[in-house]
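**Student:** Structure file query-v1.txt (compact mmCIF, C-alpha atoms and all ligand atoms) right here:
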```
# COMPACT_ATOMS: atom_id res chain seq x y z
CA MET A 13 17.78 -3.82 9.06
CA SER A 14 14.76 -2.62 11.06
CA THR A 15 11.41 -4.32 10.56
CA TYR A 16 7.97 -3.44 11.90
CA THR A 17 7.89 -6.61 13.96
CA GLU A 18 10.37 -8.15 16.39
CA ASP A 19 8.55 -11.48 16.11
CA ASN A 20 10.58 -13.67 13.76
CA ARG A 21 8.40 -16.76 14.06
CA LYS A 22 6.96 -18.06 10.81
CA VAL A 23 3.45 -16.70 10.23
CA THR A 24 0.85 -19.47 10.14
CA THR A 25 -2.85 -19.56 9.33
CA ARG A 26 -3.54 -20.07 13.05
CA ARG A 27 -1.58 -16.94 13.89
CA LEU A 28 -3.69 -14.90 11.45
CA ILE A 29 -6.81 -15.98 13.34
CA GLU A 30 -5.12 -15.03 16.64
CA MET A 31 -4.26 -11.63 15.17
CA LYS A 32 -7.93 -11.05 14.42
CA GLN A 33 -8.83 -12.11 17.98
CA ARG A 34 -6.50 -9.52 19.50
CA GLY A 35 -7.41 -6.82 16.95
CA GLU A 36 -4.00 -6.71 15.25
CA LYS A 37 -4.36 -5.81 11.56
CA ILE A 38 -2.84 -8.18 8.98
CA SER A 39 -0.50 -6.79 6.29
CA MET A 40 -0.51 -8.54 2.91
CA LEU A 41 0.99 -7.65 -0.49
CA THR A 42 1.48 -9.55 -3.72
CA ALA A 43 4.84 -10.77 -5.00
CA TYR A 44 5.77 -12.94 -7.93
CA ASP A 45 9.55 -13.39 -7.74
CA TYR A 46 12.42 -14.16 -5.37
CA SER A 47 13.92 -10.66 -5.07
CA MET A 48 10.63 -8.89 -4.30
CA ALA A 49 9.58 -11.63 -1.88
CA SER A 50 12.90 -11.28 0.00
CA ILE A 51 12.37 -7.51 0.39
CA LEU A 52 8.75 -7.87 1.60
CA ASP A 53 9.67 -10.69 3.96
CA GLN A 54 12.63 -8.86 5.49
CA ALA A 55 10.50 -5.71 5.91
CA GLY A 56 8.26 -7.74 8.23
CA LEU A 57 5.15 -8.27 6.05
CA ASP A 58 2.73 -10.87 7.46
CA VAL A 59 1.43 -12.46 4.24
CA ILE A 60 2.67 -12.65 0.65
CA LEU A 61 0.08 -13.42 -1.99
CA VAL A 62 1.32 -14.90 -5.25
CA GLY A 63 -1.72 -13.47 -7.01
CA ASP A 64 -2.84 -14.31 -10.50
CA SER A 65 -2.53 -10.53 -10.97
CA ALA A 66 0.88 -11.74 -12.19
CA SER A 67 -1.03 -12.01 -15.46
CA ASN A 68 -1.42 -8.20 -15.51
CA VAL A 69 1.79 -6.92 -13.94
CA MET A 70 4.30 -9.60 -14.94
CA VAL A 71 2.98 -10.80 -18.29
CA GLY A 72 1.08 -7.70 -19.53
CA ASN A 73 -2.26 -9.42 -20.12
CA ILE A 74 -5.48 -7.41 -19.73
CA THR A 75 -7.21 -10.00 -17.53
CA THR A 76 -6.07 -12.73 -15.11
CA LEU A 77 -7.74 -15.46 -17.19
CA PRO A 78 -4.78 -16.61 -19.33
CA MET A 79 -2.65 -17.52 -16.28
CA THR A 80 -1.78 -21.23 -16.32
CA ILE A 81 -1.10 -23.62 -13.46
CA ASP A 82 2.53 -23.96 -14.65
CA GLN A 83 2.99 -20.17 -14.57
CA MET A 84 1.52 -19.94 -11.05
CA ILE A 85 3.81 -22.75 -9.91
CA TYR A 86 6.85 -20.95 -11.36
CA HIS A 87 5.96 -17.71 -9.52
CA GLY A 88 5.01 -19.57 -6.33
CA ARG A 89 8.32 -21.46 -6.20
CA SER A 90 10.28 -18.23 -6.83
CA VAL A 91 8.49 -16.44 -3.98
CA MET A 92 8.98 -19.37 -1.61
CA ASN A 93 12.74 -19.14 -2.19
CA GLY A 94 12.67 -15.55 -0.84
CA ALA A 95 10.07 -15.75 1.94
CA LYS A 96 11.26 -17.10 5.26
CA ARG A 97 8.81 -15.58 7.78
CA ALA A 98 5.73 -14.48 5.86
CA LEU A 99 2.85 -16.86 5.16
CA VAL A 100 2.79 -17.49 1.39
CA ILE A 101 -0.53 -18.02 -0.38
CA VAL A 102 -0.76 -18.90 -4.09
CA ASP A 103 -3.81 -18.21 -6.27
CA MET A 104 -5.51 -21.15 -7.98
CA PRO A 105 -5.74 -19.83 -11.58
CA PHE A 106 -8.91 -19.54 -13.66
CA GLY A 107 -10.38 -22.89 -14.68
CA THR A 108 -8.72 -25.02 -12.01
CA VAL A 109 -11.66 -24.86 -9.57
CA SER A 110 -14.88 -25.24 -11.50
CA GLY A 111 -17.26 -27.74 -9.96
CA ASN A 112 -15.25 -30.96 -10.21
CA PRO A 113 -13.90 -31.45 -6.66
CA LEU A 114 -11.59 -34.35 -7.52
CA LYS A 115 -10.01 -32.44 -10.41
CA SER A 116 -9.69 -29.31 -8.21
CA LEU A 117 -7.98 -31.40 -5.52
CA GLU A 118 -5.55 -32.81 -8.09
CA TYR A 119 -4.59 -29.27 -9.18
CA ALA A 120 -4.37 -28.08 -5.56
CA ILE A 121 -2.05 -30.94 -4.57
CA ARG A 122 0.18 -30.18 -7.56
CA MET A 123 0.31 -26.47 -6.62
CA MET A 124 1.26 -27.30 -3.02
CA LYS A 125 3.86 -29.95 -3.94
CA GLU A 126 5.57 -27.95 -6.69
CA THR A 127 5.55 -24.50 -5.02
CA GLY A 128 6.08 -25.48 -1.40
CA ALA A 129 3.53 -22.73 -0.53
CA ASP A 130 1.70 -22.54 2.80
CA ALA A 131 -1.84 -22.15 1.41
CA LEU A 132 -3.99 -21.54 -1.67
CA LYS A 133 -6.54 -18.83 -2.52
CA ILE A 134 -9.72 -19.60 -4.46
CA GLU A 135 -12.24 -17.13 -5.92
CA GLY A 136 -15.95 -17.85 -5.45
CA GLY A 137 -18.70 -18.67 -2.97
CA GLU A 138 -21.44 -21.31 -2.85
CA GLU A 139 -20.64 -22.60 -6.35
CA VAL A 140 -17.15 -23.77 -5.36
CA ILE A 141 -17.84 -24.92 -1.78
CA PRO A 142 -17.66 -28.67 -2.69
CA ASP A 143 -14.28 -28.10 -4.35
CA ILE A 144 -12.97 -26.09 -1.40
CA LYS A 145 -14.21 -28.72 1.06
CA LYS A 146 -12.41 -31.48 -0.83
CA ILE A 147 -9.16 -29.47 -0.82
CA ILE A 148 -9.37 -28.54 2.87
CA ASP A 149 -10.26 -32.13 3.80
CA ALA A 150 -6.98 -33.18 2.16
CA GLY A 151 -5.10 -30.91 4.56
CA ILE A 152 -4.56 -27.88 2.32
CA PRO A 153 -5.39 -24.47 3.89
CA VAL A 154 -7.63 -22.29 1.71
CA MET A 155 -8.28 -18.55 1.70
CA GLY A 156 -11.55 -17.52 0.01
CA HIS A 157 -12.08 -14.49 -2.24
CA LEU A 158 -15.45 -12.68 -2.57
CA GLY A 159 -16.74 -9.38 -3.94
CA LEU A 160 -15.05 -8.42 -7.19
CA MET A 161 -13.59 -11.64 -8.52
CA PRO A 162 -11.33 -10.79 -11.47
CA GLN A 163 -11.54 -14.35 -12.87
CA SER A 164 -15.26 -13.65 -13.50
CA ILE A 165 -14.69 -10.34 -15.31
CA ASN A 166 -16.29 -11.63 -18.51
CA LYS A 167 -19.45 -12.42 -16.54
CA TYR A 168 -19.57 -8.98 -14.82
CA GLY A 169 -18.36 -6.94 -17.81
CA THR A 170 -17.01 -4.26 -15.41
CA TYR A 171 -14.48 -3.76 -12.60
CA ASN A 172 -16.95 -1.53 -10.68
CA VAL A 173 -17.68 -1.88 -6.94
CA ARG A 174 -19.66 -5.09 -6.22
CA ALA A 175 -22.52 -5.87 -3.82
CA LYS A 176 -23.97 -2.36 -3.68
CA ASP A 177 -27.51 -3.74 -3.88
CA ASN A 178 -29.16 -5.79 -1.14
CA ALA A 179 -29.46 -9.01 -3.15
CA GLU A 180 -25.75 -9.18 -3.96
CA ALA A 181 -24.77 -8.05 -0.44
CA ASP A 182 -26.97 -10.78 1.10
CA LYS A 183 -25.42 -13.40 -1.16
CA LEU A 184 -21.93 -12.21 -0.22
CA ILE A 185 -22.70 -12.52 3.52
CA LYS A 186 -24.13 -16.01 2.94
CA ASP A 187 -21.06 -17.02 0.91
CA ALA A 188 -18.69 -15.66 3.57
CA LEU A 189 -20.40 -17.74 6.26
CA LEU A 190 -20.25 -20.83 4.01
CA LEU A 191 -16.53 -20.32 3.40
CA GLN A 192 -15.95 -20.09 7.14
CA GLU A 193 -18.13 -23.16 7.80
CA VAL A 194 -16.28 -25.26 5.25
CA GLY A 195 -12.97 -24.43 6.96
CA CYS A 196 -11.34 -21.50 5.13
CA PHE A 197 -8.81 -19.70 7.36
CA GLY A 198 -9.63 -16.27 5.94
CA MET A 199 -10.94 -14.48 2.88
CA VAL A 200 -10.18 -11.57 0.58
CA LEU A 201 -13.02 -9.06 0.13
CA GLU A 202 -12.41 -7.08 -3.05
CA LYS A 203 -14.05 -3.76 -4.01
CA ILE A 204 -17.19 -3.79 -1.88
CA PRO A 205 -18.75 -1.02 0.26
CA ALA A 206 -16.96 -0.40 3.58
CA GLU A 207 -20.14 -0.96 5.60
CA LEU A 208 -20.60 -4.41 4.05
CA THR A 209 -17.01 -5.28 4.97
CA LYS A 210 -17.81 -4.20 8.53
CA THR A 211 -20.89 -6.45 8.66
CA VAL A 212 -19.06 -9.47 7.22
CA SER A 213 -15.95 -9.02 9.37
CA SER A 214 -17.99 -8.75 12.57
CA GLN A 215 -19.92 -11.94 11.75
CA LEU A 216 -16.82 -14.05 11.10
CA THR A 217 -14.24 -15.50 13.47
CA ILE A 218 -11.74 -15.87 10.58
CA PRO A 219 -9.98 -12.76 9.23
CA THR A 220 -11.08 -10.72 6.22
CA ILE A 221 -8.43 -9.06 4.04
CA GLY A 222 -9.70 -6.06 2.10
CA ILE A 223 -8.70 -4.49 -1.19
CA GLY A 224 -10.88 -1.51 -2.03
CA ALA A 225 -13.13 -2.69 0.80
CA GLY A 226 -12.56 0.10 3.35
CA PRO A 227 -11.02 0.21 6.82
CA TYR A 228 -13.06 -2.43 8.65
CA ALA A 229 -11.39 -5.54 7.20
CA ASP A 230 -9.04 -7.43 9.53
CA GLY A 231 -6.18 -6.82 7.12
CA GLN A 232 -5.32 -5.11 3.84
CA VAL A 233 -3.79 -6.29 0.57
CA LEU A 234 -2.49 -4.36 -2.45
CA VAL A 235 -0.74 -5.38 -5.64
CA VAL A 236 2.90 -4.53 -4.93
CA HIS A 237 3.56 -2.97 -8.35
CA ASP A 238 0.65 -0.59 -7.76
CA MET A 239 1.63 0.51 -4.25
CA LEU A 240 5.27 1.00 -5.23
CA GLY A 241 4.23 3.13 -8.21
CA ILE A 242 5.87 0.87 -10.81
CA ASN A 243 2.53 0.83 -12.60
CA LYS A 244 1.62 4.35 -13.74
CA ASN A 245 -1.58 3.52 -15.59
CA PHE A 246 -3.68 2.14 -12.74
CA SER A 247 -5.10 4.68 -10.27
CA PRO A 248 -8.28 3.41 -8.61
CA LYS A 249 -9.65 5.39 -5.66
CA PHE A 250 -8.60 2.68 -3.16
CA LEU A 251 -4.92 2.70 -4.13
CA ARG A 252 -2.35 4.48 -1.94
CA ARG A 253 1.06 4.83 -3.60
CA TYR A 254 3.99 4.56 -1.18
CA ALA A 255 6.70 5.27 -3.76
CA ASP A 256 7.16 6.43 -7.34
CA LEU A 257 9.43 3.66 -8.55
CA HIS A 258 8.42 4.29 -12.15
CA THR A 259 10.21 7.65 -12.00
CA VAL A 260 13.11 6.34 -9.88
CA MET A 261 13.71 3.43 -12.28
CA THR A 262 13.32 5.53 -15.43
CA GLU A 263 15.84 8.11 -14.16
CA ALA A 264 18.29 5.34 -13.16
CA VAL A 265 18.09 3.72 -16.60
CA GLN A 266 18.46 7.11 -18.32
CA GLY A 267 21.55 7.79 -16.18
CA TYR A 268 23.02 4.45 -17.21
CA ILE A 269 22.34 5.09 -20.92
CA LYS A 270 24.00 8.50 -20.65
CA ASP A 271 27.08 7.07 -18.89
CA VAL A 272 27.47 4.23 -21.41
CA LYS A 273 27.12 6.59 -24.39
CA SER A 274 29.57 9.11 -22.93
CA THR A 275 32.06 6.30 -22.00
CA ASP A 276 31.88 7.47 -18.36
CA PHE A 277 30.88 3.88 -17.43
CA PRO A 278 32.83 1.79 -16.66
CA ASN A 279 35.70 3.84 -15.22
CA ASP A 280 39.08 2.56 -13.97
CA ASN A 281 37.67 1.61 -10.55
CA GLU A 282 34.99 -0.47 -12.24
CA SER A 283 37.45 -2.35 -14.48
CA TYR A 284 39.86 -5.27 -13.85
O1 LIG B 1 -4.41 -11.68 -7.82
C1 LIG B 1 -4.33 -10.83 -6.92
O2 LIG B 1 -3.37 -10.06 -6.83
C2 LIG B 1 -5.42 -10.77 -5.95
C3 LIG B 1 -5.45 -9.59 -5.04
C4 LIG B 1 -5.89 -8.39 -5.78
C5 LIG B 1 -6.27 -9.83 -3.84
O3 LIG B 1 -6.25 -11.61 -5.93
```
What does this structure look like when you write it as structure tokens?
Ligand code: KIV
**Tutor:**
Amino acid sequence: MSTYTEDNRKVTTRRLIEMKQRGEKISMLTAYDYSMASILDQAGLDVILVGDSASNVMVGNITTLPMTIDQMIYHGRSVMNGAKRALVIVDMPFGTVSGNPLKSLEYAIRMMKETGADALKIEGGEEVIPDIKKIIDAGIPVMGHLGLMPQSINKYGTYNVRAKDNAEADKLIKDALLLQEVGCFGMVLEKIPAELTKTVSSQLTIPTIGIGAGPYADGQVLVVHDMLGINKNFSPKFLRRYADLHTVMTEAVQGYIKDVKSTDFPNDNESY
């Protein structure tokens, strides 16, 4: 099988920082199960994110808020069984990091122990810095997440582009610097203007990973169901579809139904 990279060494948080230093872009996608993680890993992807977008694409919820720590652990463990080379990051779900650093650390340790993941991702800036510090001080690598933060959707009331005005853009830059200072190894920037991504990325020594944040981030992430076209009902401007698996899968299932109904399947060669 051919992969984009010949480098089979395990991807580490340190190597992501080195990639930024030499200007090599970082590839990241979400996965939630063993089979998908195996495919992404063997294709040569750098980072797999076990996102709480599992709530949307695996469970069918409208928001990411209902996701529980047990559900994230289940998905994280499944992905770890399939990922050998890629760095695996698991999202801390809504409500597990909310201004009580000791409690956040307890959840973070449980996530690391029970998933075997390499790192955690946490949404938020200044408000969650004490929690993030506590977790990093305990030896757990943390990726930040700024811009559109889906766990705060009820506060925003919209999934529109964030930080278009100066006040919000200034706060985002300040938060990004705080996340770097506290020891995060990188951060996701979601749905912000491309020029703001450029400013933030040039001010940081740690990598930024964009989603709907333009070309200047140090890497890119997409939800795998969206980029493979499994999801038909989600078409934001930033999404590029690399396949139409919805059609491929529908036609395959229709073919199977037809063959079963017509008694074409199974034939003699498919029977014992
Ligand atoms: O949960 C998720 O999939 C994410 C990505 C969209 C960055 O946080």
**Student:** List all protein, DNA and RNA residues that have any atom at most 6 Å from ligand LIG 1 (chain B), counting only C-alpha atoms and all ligand atoms, and write the list as a PyMOL selection string.
**Tutor:** chain A and resi 42+63-65+235
**Student:** Which residues of region 104-169 of chain A sit at most 8 Å from region 201-208 of chain A, using all atoms listed in the file? Give each one's shortest atom pair and distance in Å (one decimal place), in chain and ascending residue order, as a Markdown table.
**Tutor:**
```
| residue | atom | partner | partner_atom | distance |
| --- | --- | --- | --- | --- |
| A:His157 | CA | A:Leu201 | CA | 6.0 |
| A:Leu158 | CA | A:Leu201 | CA | 5.1 |
| A:Gly159 | CA | A:Glu202 | CA | 5.0 |
| A:Leu160 | CA | A:Glu202 | CA | 5.1 |
| A:Met161 | CA | A:Glu202 | CA | 7.2 |
```
**Student:** Residues within 9 Å of Ala150 (chain A), please, as a short mmCIF file (atom, residue, chain, number, x, y, z; two decimals) with C-alpha atoms, in the coordinates of the input. Count all atoms listed in the file; anything in the same chain fewer than 5 positions from it doesn't count.
**Tutor:**
```
data_model
loop_
_atom_site.label_atom_id
_atom_site.label_comp_id
_atom_site.auth_asym_id
_atom_site.auth_seq_id
_atom_site.Cartn_x
_atom_site.Cartn_y
_atom_site.Cartn_z
CA LEU A 117 -7.98 -31.40 -5.52
CA ILE A 121 -2.05 -30.94 -4.57
CA LYS A 145 -14.21 -28.72 1.06
#
```
**Student:** Quick one, how far is CA of Glu193 (chain A) from CA of Met104 (chain A)?
**Tutor:** 20.3 Å
**Student:** In terms of the shortest atom-to-atom distance over only C-alpha atoms, which of A:Met48, A:Val59, A:Leu99, A:Ala66 is closest to Lys22 (chain A)?
**Tutor:**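 Once distances to Lys22 (chain A) are computed over only C-alpha atoms, the minimum belongs to A:Leu99.
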**Student:** Name the residues, using the chain letters and numbers of the file, that sit within 10 Å of (-16.9, -19.4, 1.3) when counting only C-alpha atoms, and give them as a PyMOL selection string.
**Tutor:** chain A and resi 134-141+144-145+154-158+184-196+198-199
**Student:** Counting only C-alpha atoms, figure out which residue out of A:Pro219, A:Pro227, A:Gly128, A:Pro278 gets nearest to Gln33 (chain A).
**Tutor:**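 When distances to Gln33 (chain A) are compared using only C-alpha atoms, the smallest one comes from A:Pro219.
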**Student:** Using only C-alpha atoms and a cutoff of 10 Å, can you tell me which residues are near (-4.5, -3.7, 9.3) in the file's coordinates, and write them out as a PyMOL selection string?
**Tutor:** chain A and resi 31-32+35-40+221-222+227-233
